[in-house]
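Data file: query_32.cif. Format and content: mmCIF, C-alpha atoms (C1' of nucleotides).
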```cif
data_protein
loop_
_atom_site.label_atom_id
_atom_site.label_comp_id
_atom_site.auth_asym_id
_atom_site.auth_seq_id
_atom_site.Cartn_x
_atom_site.Cartn_y
_atom_site.Cartn_z
CA MET A 158 0.00 0.00 0.00
CA SER A 159 1.35 3.44 -0.94
CA ALA A 160 2.15 6.18 1.56
CA ASN A 161 -0.66 8.32 0.16
CA SER A 162 -3.10 5.51 0.57
CA ARG A 163 -2.13 5.03 4.21
CA PHE A 164 -2.50 8.77 4.89
CA ILE A 165 -5.91 8.92 3.27
CA ARG A 166 -7.19 5.92 5.22
CA ARG A 167 -5.65 7.08 8.49
CA ILE A 168 -7.35 10.45 8.19
CA TYR A 169 -10.66 8.76 7.55
CA ASN A 170 -10.22 6.60 10.64
CA LEU A 171 -9.35 9.63 12.76
CA LEU A 172 -12.38 11.57 11.59
CA ASN A 173 -14.68 8.60 11.93
CA LYS A 174 -13.46 7.96 15.45
CA SER A 175 -13.85 11.63 16.40
CA PHE A 176 -17.21 12.39 14.81
CA GLY A 177 -18.96 9.08 14.21
CA PRO A 178 -21.47 8.45 11.42
CA GLN A 179 -22.88 11.58 9.74
CA TYR A 180 -25.98 10.06 8.09
CA TRP A 181 -25.59 11.99 4.84
CA TRP A 182 -26.97 13.52 2.64
CA PRO A 183 -29.27 15.65 4.85
CA GLY A 184 -32.44 15.13 2.79
CA ASP A 185 -35.41 12.80 2.77
CA THR A 186 -35.41 11.65 -0.86
CA PRO A 187 -32.97 11.42 -3.79
CA PHE A 188 -34.86 14.24 -5.48
CA GLU A 189 -34.47 16.46 -2.45
CA VAL A 190 -30.74 15.67 -2.56
CA CYS A 191 -30.54 16.98 -6.14
CA ILE A 192 -32.37 20.17 -5.26
CA GLY A 193 -30.21 20.68 -2.17
CA ALA A 194 -27.04 20.08 -4.19
CA ILE A 195 -27.91 22.95 -6.51
CA LEU A 196 -29.17 25.26 -3.77
CA THR A 197 -26.10 24.82 -1.59
CA GLN A 198 -23.70 26.14 -4.22
CA ASN A 199 -21.47 28.61 -2.38
CA THR A 200 -24.11 28.90 0.31
CA ASN A 201 -24.52 28.04 3.98
CA TRP A 202 -26.63 24.91 4.43
CA LYS A 203 -28.88 26.62 7.00
CA ASN A 204 -30.08 28.97 4.29
CA VAL A 205 -30.69 26.05 1.96
CA GLU A 206 -32.87 24.39 4.59
CA LYS A 207 -35.12 27.45 4.69
CA ALA A 208 -35.52 27.32 0.93
CA ILE A 209 -36.28 23.59 0.96
CA THR A 210 -38.83 24.09 3.74
CA ASN A 211 -40.55 26.70 1.58
CA LEU A 212 -40.71 24.25 -1.32
CA LYS A 213 -42.06 21.50 0.94
CA ASN A 214 -44.73 23.77 2.37
CA GLU A 215 -45.93 24.47 -1.16
CA HIS A 216 -45.77 20.75 -2.03
CA LEU A 217 -43.31 21.51 -4.80
CA LEU A 218 -40.63 18.99 -3.98
CA SER A 219 -41.25 16.69 -6.92
CA PRO A 220 -40.11 16.77 -10.55
CA ILE A 221 -43.63 17.33 -11.92
CA ALA A 222 -44.50 20.04 -9.42
CA LEU A 223 -41.29 21.93 -10.07
CA ARG A 224 -41.68 21.56 -13.81
CA ASP A 225 -45.10 23.19 -13.54
CA THR A 226 -44.00 26.04 -11.31
CA SER A 227 -43.12 29.36 -12.89
CA LEU A 228 -39.58 30.63 -12.77
CA SER A 229 -40.55 33.71 -10.78
CA GLU A 230 -42.56 31.77 -8.20
CA LEU A 231 -39.68 29.33 -7.80
CA ALA A 232 -37.19 32.17 -7.38
CA GLY A 233 -39.35 33.74 -4.68
CA LEU A 234 -39.53 30.51 -2.70
CA ILE A 235 -35.81 29.77 -2.77
CA ARG A 236 -34.87 33.32 -1.92
CA PRO A 237 -33.31 32.45 1.47
CA ALA A 238 -30.70 30.30 -0.28
CA GLY A 239 -29.22 33.32 -2.05
CA TYR A 240 -28.47 33.77 -5.77
CA TYR A 241 -32.13 32.94 -6.11
CA ASN A 242 -32.60 34.09 -9.72
CA ILE A 243 -29.64 32.09 -10.93
CA LYS A 244 -30.52 29.05 -8.86
CA ALA A 245 -34.14 29.08 -10.01
CA ARG A 246 -32.87 28.82 -13.58
CA ARG A 247 -30.42 26.09 -12.60
CA LEU A 248 -33.17 24.08 -10.93
CA LYS A 249 -35.31 24.48 -14.03
CA SER A 250 -32.51 23.33 -16.32
CA PHE A 251 -31.99 20.23 -14.19
CA ILE A 252 -35.72 19.48 -14.26
CA SER A 253 -35.78 19.93 -18.04
CA PHE A 254 -32.87 17.54 -18.37
CA LEU A 255 -34.65 15.02 -16.14
CA PHE A 256 -37.76 15.08 -18.32
CA ASP A 257 -36.01 15.33 -21.68
CA GLU A 258 -33.64 12.45 -21.01
CA HIS A 259 -35.21 10.31 -18.28
CA GLU A 260 -38.97 10.83 -18.31
CA GLY A 261 -38.75 12.87 -15.13
CA SER A 262 -37.57 9.86 -13.18
CA LEU A 263 -34.51 9.92 -10.98
CA SER A 264 -34.47 6.14 -10.71
CA LYS A 265 -34.38 5.89 -14.50
CA MET A 266 -31.62 8.46 -14.60
CA SER A 267 -29.68 6.44 -12.03
CA LYS A 268 -29.62 3.40 -14.29
CA GLN A 269 -27.14 5.17 -16.58
CA PRO A 270 -23.50 4.16 -16.24
CA LEU A 271 -21.51 6.47 -13.97
CA GLU A 272 -19.18 8.19 -16.42
CA GLU A 273 -21.86 8.59 -19.09
CA LEU A 274 -24.27 10.16 -16.61
CA ARG A 275 -21.57 12.37 -15.14
CA HIS A 276 -20.75 13.69 -18.60
CA LYS A 277 -24.43 14.45 -19.25
CA LEU A 278 -24.93 16.16 -15.90
CA LEU A 279 -21.93 18.39 -16.54
CA ASN A 280 -23.62 19.54 -19.73
CA VAL A 281 -26.66 20.74 -17.78
CA HIS A 282 -26.51 24.50 -17.28
CA GLY A 283 -25.63 25.26 -13.67
CA ILE A 284 -24.26 21.83 -12.80
CA GLY A 285 -20.50 21.75 -12.33
CA PRO A 286 -18.22 19.01 -10.98
CA GLU A 287 -19.18 19.23 -7.31
CA THR A 288 -22.91 19.40 -7.92
CA ALA A 289 -22.75 16.57 -10.46
CA ASP A 290 -20.76 14.35 -8.12
CA SER A 291 -23.03 15.12 -5.16
CA ILE A 292 -26.01 14.04 -7.23
CA LEU A 293 -24.20 10.93 -8.47
CA LEU A 294 -23.07 9.84 -5.02
CA TYR A 295 -25.91 10.89 -2.75
CA ALA A 296 -28.92 10.64 -5.05
CA CYS A 297 -27.85 7.92 -7.52
CA TYR A 298 -25.60 5.93 -5.15
CA LYS A 299 -22.73 5.84 -7.64
CA PRO A 300 -19.16 5.40 -6.37
CA ILE A 301 -17.66 8.85 -7.00
CA PHE A 302 -15.81 11.07 -4.53
CA VAL A 303 -17.19 14.58 -3.95
CA VAL A 304 -14.60 17.35 -3.65
CA ASP A 305 -15.67 20.65 -2.12
CA ALA A 306 -14.08 23.82 -0.79
CA TYR A 307 -13.44 22.17 2.59
CA THR A 308 -11.70 19.20 1.01
CA LYS A 309 -9.38 21.40 -0.96
CA ARG A 310 -8.67 23.74 1.97
CA ILE A 311 -8.03 21.00 4.50
CA PHE A 312 -5.92 18.81 2.26
CA SER A 313 -3.82 21.62 0.84
CA ARG A 314 -3.21 23.08 4.31
CA HIS A 315 -1.94 19.68 5.36
CA LYS A 316 0.23 19.42 2.25
CA LEU A 317 -1.66 16.40 0.98
CA CYS A 318 -2.35 18.15 -2.31
CA GLU A 319 -1.02 21.24 -4.04
CA GLU A 320 -2.68 24.59 -3.43
CA ASP A 321 -3.47 24.83 -7.12
CA SER A 322 -4.62 21.22 -7.57
CA ASP A 323 -7.74 21.13 -9.69
CA TYR A 324 -10.95 19.25 -8.99
CA ARG A 325 -10.00 16.04 -10.78
CA ASP A 326 -6.53 15.95 -9.19
CA ILE A 327 -8.01 15.97 -5.71
CA GLN A 328 -10.77 13.56 -6.62
CA ASN A 329 -8.18 11.15 -8.00
CA LEU A 330 -6.14 11.42 -4.83
CA PHE A 331 -9.07 9.83 -3.00
CA MET A 332 -10.33 7.49 -5.66
CA LYS A 333 -6.94 6.00 -6.50
CA ASN A 334 -6.20 5.41 -2.84
CA LEU A 335 -9.48 4.07 -1.53
CA PRO A 336 -11.64 1.06 -2.35
CA ASN A 337 -14.45 1.94 -4.76
CA ASP A 338 -17.14 1.99 -2.11
CA VAL A 339 -20.27 4.17 -2.14
CA LYS A 340 -20.72 3.98 1.62
CA LEU A 341 -17.10 4.95 2.25
CA PHE A 342 -17.17 7.88 -0.21
CA ASN A 343 -20.45 9.03 1.32
CA GLU A 344 -19.13 8.98 4.86
CA TYR A 345 -15.68 10.40 4.06
CA HIS A 346 -17.02 13.49 2.32
CA ALA A 347 -19.55 14.05 5.09
CA LEU A 348 -16.80 13.81 7.70
CA ILE A 349 -14.67 16.32 5.79
CA VAL A 350 -17.57 18.79 5.78
CA LYS A 351 -18.06 18.22 9.51
CA LEU A 352 -14.35 18.85 10.11
CA GLY A 353 -14.46 21.91 7.88
CA LYS A 354 -17.48 23.46 9.56
CA ASP A 355 -16.16 22.88 13.05
CA TYR A 356 -12.42 23.51 12.67
CA CYS A 357 -11.27 24.48 9.21
CA LYS A 358 -13.03 27.58 8.01
CA LYS A 359 -10.98 30.29 6.33
CA LYS A 360 -9.87 31.24 9.82
CA PRO A 361 -9.00 27.80 11.20
CA ASN A 362 -9.51 26.67 14.77
CA CYS A 363 -6.70 24.16 15.11
CA LEU A 364 -6.59 23.76 18.88
CA LYS A 365 -9.03 20.89 19.24
CA CYS A 366 -8.95 19.70 15.65
CA PRO A 367 -8.87 15.88 15.43
CA LEU A 368 -6.12 16.17 12.82
CA GLY A 369 -4.07 17.74 15.55
CA GLY A 370 -2.44 21.07 16.30
CA LYS A 371 -1.25 23.87 14.12
CA GLN A 372 1.33 21.74 12.34
CA TRP A 373 -0.09 21.43 8.89
CA ASN A 374 2.48 18.88 7.82
CA LEU A 375 0.59 15.86 9.03
CA LYS A 376 2.72 13.17 10.63
CA LEU A 377 0.55 10.16 11.06
"C1'" DG B 121 -20.32 46.57 8.93
"C1'" DA B 122 -17.09 43.28 7.19
"C1'" DC B 123 -16.58 38.63 6.33
"C1'" DC B 124 -18.10 34.16 5.16
"C1'" DA B 125 -20.80 30.00 3.35
"C1'" DG B 126 -20.84 22.33 1.00
"C1'" DG B 127 -20.09 26.82 -7.08
"C1'" DC B 128 -20.79 27.99 -11.56
"C1'" DA B 129 -20.94 30.59 -15.91
"C1'" DC B 130 -19.18 34.10 -18.43
"C1'" DA B 131 -16.01 37.97 -19.96
"C1'" DT B 132 -11.60 39.37 -20.89
"C1'" DC B 133 -6.83 39.07 -21.51
"C1'" DG C 203 -5.75 28.44 -20.36
"C1'" DA C 204 -5.41 31.49 -16.54
"C1'" DT C 205 -7.58 35.07 -13.99
"C1'" DG C 206 -11.42 38.11 -12.50
"C1'" DT C 207 -16.28 39.05 -11.64
"C1'" DG C 208 -21.41 38.69 -10.84
"C1'" DC C 209 -24.73 36.33 -8.46
"C1'" DA C 210 -27.49 37.40 -2.85
"C1'" DT C 211 -29.25 35.76 1.50
"C1'" DG C 212 -28.56 35.23 6.49
"C1'" DG C 213 -25.33 34.13 10.45
"C1'" DT C 214 -21.20 35.57 13.21
#
```

Render the structure in this file as structure tokens.
Amino acid sequence: MSANSRFIRRIYNLLNKSFGPQYWWPGDTPFEVCIGAILTQNTNWKNVEKAITNLKNEHLLSPIALRDTSLSELAGLIRPAGYYNIKARRLKSFISFLFDEHEGSLSKMSKQPLEELRHKLLNVHGIGPETADSILLYACYKPIFVVDAYTKRIFSRHKLCEEDSDYRDIQNLFMKNLPNDVKLFNEYHALIVKLGKDYCKKKPNCLKCPLGGKQWNLKL
DNA sequence: GACCAGGCACATC
DNA sequence: GATGTGCATGGT
């Protein structure tokens, strides 16, 4: 086993021991996961929850209901999640894709092979790498590792990737060094977000961080 | 009142 | 292909 692989697994074990299971994604249905993945782009999850609650209260959390909702009404309801005009359009483009390609059915969409579906999702307006991979992993249960701002910040601070590593570089760091396991990818990303929220914001709080101290050259 | 949060598309060089 | 900018609310 390579040194990288040992590091990656050791960090997972540390986080898992410190935080325990995270029960991700925070959403009731695969469809809600997709909506949340778009709404949470560059946005605090608390604000996303308000927007999702609004949609639930209006009984709009289904592909058909959202398809039949006007852009302006949708924008008004998701307002708390920020960038609401842009995100309303992004939600609509995802819904259009779902109906055009998969009869409005997430379970049909999920039957597509991973790489083919990923490629198609990336062609949907408003869906980039992180949103696509969140949908693939947490809504379609495909084995793909989600990289977010926390992942990049934490791993570059600890010199486990370069500061200018791109999305695929970091994703490969995990996927080449871990077994191809949906449950593991699910839990690992969730633990990274937990670590990020609690200890590794832009101004880090290293004192009680499970990764230990202010020394950002991890010695495990 | 500044700074930040689980990105992405687009313009410009 | 790299770099900069707009999008926007709500919490600290």

Next on the checklist: Using only C-alpha atoms (C1' of nucleotides), which protein or nucleic acid residues come within 12 Å of Phe312 in chain A? Drop anything in the same chain fewer than 2 positions from it, and give the result as a ChimeraX atom specification.
Outcome noted: /A:161,164-165,168,304-310,314-322,326-328,330-331,349,352-353,357,368,373-375

Please report, as JSON lines, each residue of chain B lying at most 6 Å from chain A, together with the nearest pair of atoms and the separation in Å rounded to one decimal; use all atoms listed in the file, and order rows by chain and ascending residue number.
```
{"residue": "B:DA125", "atom": "C1'", "partner": "A:Asn201", "partner_atom": "CA", "distance": 4.3}
{"residue": "B:DG127", "atom": "C1'", "partner": "A:Gln198", "partner_atom": "CA", "distance": 4.7}
{"residue": "B:DC128", "atom": "C1'", "partner": "A:Gly283", "partner_atom": "CA", "distance": 5.9}
```

Next on the checklist: Using only C-alpha atoms (C1' of nucleotides) and a cut-off of 6 Å, which residues of chain A sit close to chain C? Please list them as a PyMOL selection string.
Outcome noted: chain A and resi 237-240

Would you save the residues of that selection, restricted to C-alpha atoms, as an mmCIF file, keeping the file's coordinate frame?
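Contents of the output file selection.cif:
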```
data_model
loop_
_atom_site.group_PDB
_atom_site.id
_atom_site.type_symbol
_atom_site.label_atom_id
_atom_site.label_comp_id
_atom_site.auth_asym_id
_atom_site.auth_seq_id
_atom_site.Cartn_x
_atom_site.Cartn_y
_atom_site.Cartn_z
ATOM 1 C CA PRO A 237 -33.310 32.450 1.470
ATOM 2 C CA ALA A 238 -30.700 30.300 -0.280
ATOM 3 C CA GLY A 239 -29.220 33.320 -2.050
ATOM 4 C CA TYR A 240 -28.470 33.770 -5.770
#
```

Please write out, as AutoDock Vina command-line options, where the centre of an axis-aligned box around all listed atoms of range 124-130 of chain B lies and how long its edges are, in Å to one decimal, after adding 6 Å on each side.
```
--center_x -19.5 --center_y 28.2 --center_z -6.6 --size_x 14.8 --size_y 23.8 --size_z 35.6
```

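Evaluating the PyMOL selection byres ((chain A and resi 175-190) around 9) against the shown model yields Asn170, Leu171, Leu172, Asn173, Lys174, Cys191, Ile192, Gly193, Ala194, Ile195, Ile209, Leu218, Ser219, Pro220, Leu263, Ser264, Ser291, Ile292, Tyr295, Ala296, Cys297, Asn343, Glu344, Ala347, Leu348, Lys351, Leu352 and Pro367 of chain A.
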
Checklist entry - How many Å separate CA of Lys365 in chain A from CA of Arg167 in chain A? => result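 These two atoms are separated by 17.8 Å.
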
Checklist entry - How far is it from CA of Val339 in chain A to CA of Glu258 in chain A, in Å with one decimal? => result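 Taking CA of Val339 in chain A as the start and CA of Glu258 in chain A as the end point, the length is 24.6 Å.
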
Checklist entry - So which residues touch Ala245 in chain A within 6 Å, counting only C-alpha atoms (C1' of nucleotides), skipping near sequence neighbours fewer than 3 positions away, as a PyMOL selection string? => result chain A and resi 231-232+241-242+248

Item to check | Point-to-point distance in Å for CA of Lys277 in chain A and CA of Asn337 in chain A | outcome: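 The value is 21.6 Å.
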
Save N, CA and C atoms (P, O5', C5', C4', C3', O3' and C1' of nucleotides) of chain B from the block above as a compact mmCIF listing (two decimals), in the first residue's frame.
```
# COMPACT_ATOMS: atom_id res chain seq x y z
P DG B 121 -23.00 50.90 7.79
O5' DG B 121 -22.03 49.69 8.11
C5' DG B 121 -20.97 49.90 9.02
C4' DG B 121 -19.91 48.88 8.73
C3' DG B 121 -19.99 48.25 7.35
O3' DG B 121 -18.67 47.93 6.93
C1' DG B 121 -20.32 46.57 8.93
P DA B 122 -18.36 47.63 5.37
O5' DA B 122 -17.30 46.43 5.53
C5' DA B 122 -16.23 46.58 6.45
C4' DA B 122 -15.77 45.22 6.91
C3' DA B 122 -15.46 44.26 5.75
O3' DA B 122 -14.25 43.60 6.03
C1' DA B 122 -17.09 43.28 7.19
P DC B 123 -13.54 42.70 4.87
O5' DC B 123 -13.99 41.23 5.28
C5' DC B 123 -13.79 40.78 6.61
C4' DC B 123 -14.47 39.45 6.80
C3' DC B 123 -14.33 38.52 5.59
O3' DC B 123 -13.81 37.29 6.02
C1' DC B 123 -16.58 38.63 6.33
P DC B 124 -13.22 36.26 4.89
O5' DC B 124 -14.34 35.12 4.93
C5' DC B 124 -14.68 34.53 6.18
C4' DC B 124 -15.99 33.83 6.05
C3' DC B 124 -16.08 32.89 4.84
O3' DC B 124 -16.08 31.55 5.32
C1' DC B 124 -18.10 34.16 5.16
P DA B 125 -15.90 30.32 4.29
O5' DA B 125 -17.39 29.77 4.19
C5' DA B 125 -18.05 29.39 5.37
C4' DA B 125 -19.49 29.07 5.05
C3' DA B 125 -19.66 28.01 3.95
O3' DA B 125 -20.74 27.17 4.33
C1' DA B 125 -20.80 30.00 3.35
P DG B 126 -20.60 25.66 4.54
O5' DG B 126 -20.18 24.85 3.23
C5' DG B 126 -19.85 25.39 2.01
C4' DG B 126 -19.56 24.30 1.01
C3' DG B 126 -20.50 24.37 -0.17
O3' DG B 126 -19.79 24.05 -1.35
C1' DG B 126 -20.84 22.33 1.00
P DG B 127 -19.23 25.40 -2.01
O5' DG B 127 -19.96 25.37 -3.43
C5' DG B 127 -19.26 24.82 -4.55
C4' DG B 127 -20.17 24.92 -5.71
C3' DG B 127 -19.55 24.51 -7.02
O3' DG B 127 -20.56 23.85 -7.77
C1' DG B 127 -20.09 26.82 -7.08
P DC B 128 -20.09 23.21 -9.17
O5' DC B 128 -20.44 24.35 -10.21
C5' DC B 128 -21.79 24.78 -10.33
C4' DC B 128 -21.85 25.99 -11.24
C3' DC B 128 -21.09 25.83 -12.55
O3' DC B 128 -22.03 25.70 -13.60
C1' DC B 128 -20.79 27.99 -11.56
P DA B 129 -21.62 25.58 -15.12
O5' DA B 129 -21.73 27.10 -15.60
C5' DA B 129 -22.95 27.79 -15.40
C4' DA B 129 -22.84 29.22 -15.92
C3' DA B 129 -22.33 29.35 -17.35
O3' DA B 129 -23.09 30.35 -18.00
C1' DA B 129 -20.94 30.59 -15.91
P DC B 130 -22.98 30.63 -19.54
O5' DC B 130 -22.20 32.02 -19.65
C5' DC B 130 -22.57 33.10 -18.82
C4' DC B 130 -21.45 34.12 -18.81
C3' DC B 130 -20.76 34.30 -20.16
O3' DC B 130 -20.84 35.67 -20.52
C1' DC B 130 -19.18 34.10 -18.43
P DA B 131 -20.33 36.20 -21.93
O5' DA B 131 -19.18 37.21 -21.50
C5' DA B 131 -19.44 38.14 -20.45
C4' DA B 131 -18.17 38.91 -20.11
C3' DA B 131 -17.38 39.35 -21.35
O3' DA B 131 -16.95 40.68 -21.15
C1' DA B 131 -16.01 37.97 -19.96
P DT B 132 -16.37 41.56 -22.30
O5' DT B 132 -14.80 41.48 -22.02
C5' DT B 132 -14.30 41.73 -20.71
C4' DT B 132 -12.87 41.25 -20.61
C3' DT B 132 -12.04 41.50 -21.86
O3' DT B 132 -11.05 42.48 -21.58
C1' DT B 132 -11.60 39.37 -20.89
P DC B 133 -10.08 43.11 -22.71
O5' DC B 133 -8.70 42.42 -22.39
C5' DC B 133 -8.21 42.36 -21.05
C4' DC B 133 -7.14 41.28 -20.93
C3' DC B 133 -6.14 41.30 -22.07
O3' DC B 133 -4.88 41.77 -21.61
C1' DC B 133 -6.83 39.07 -21.51
```
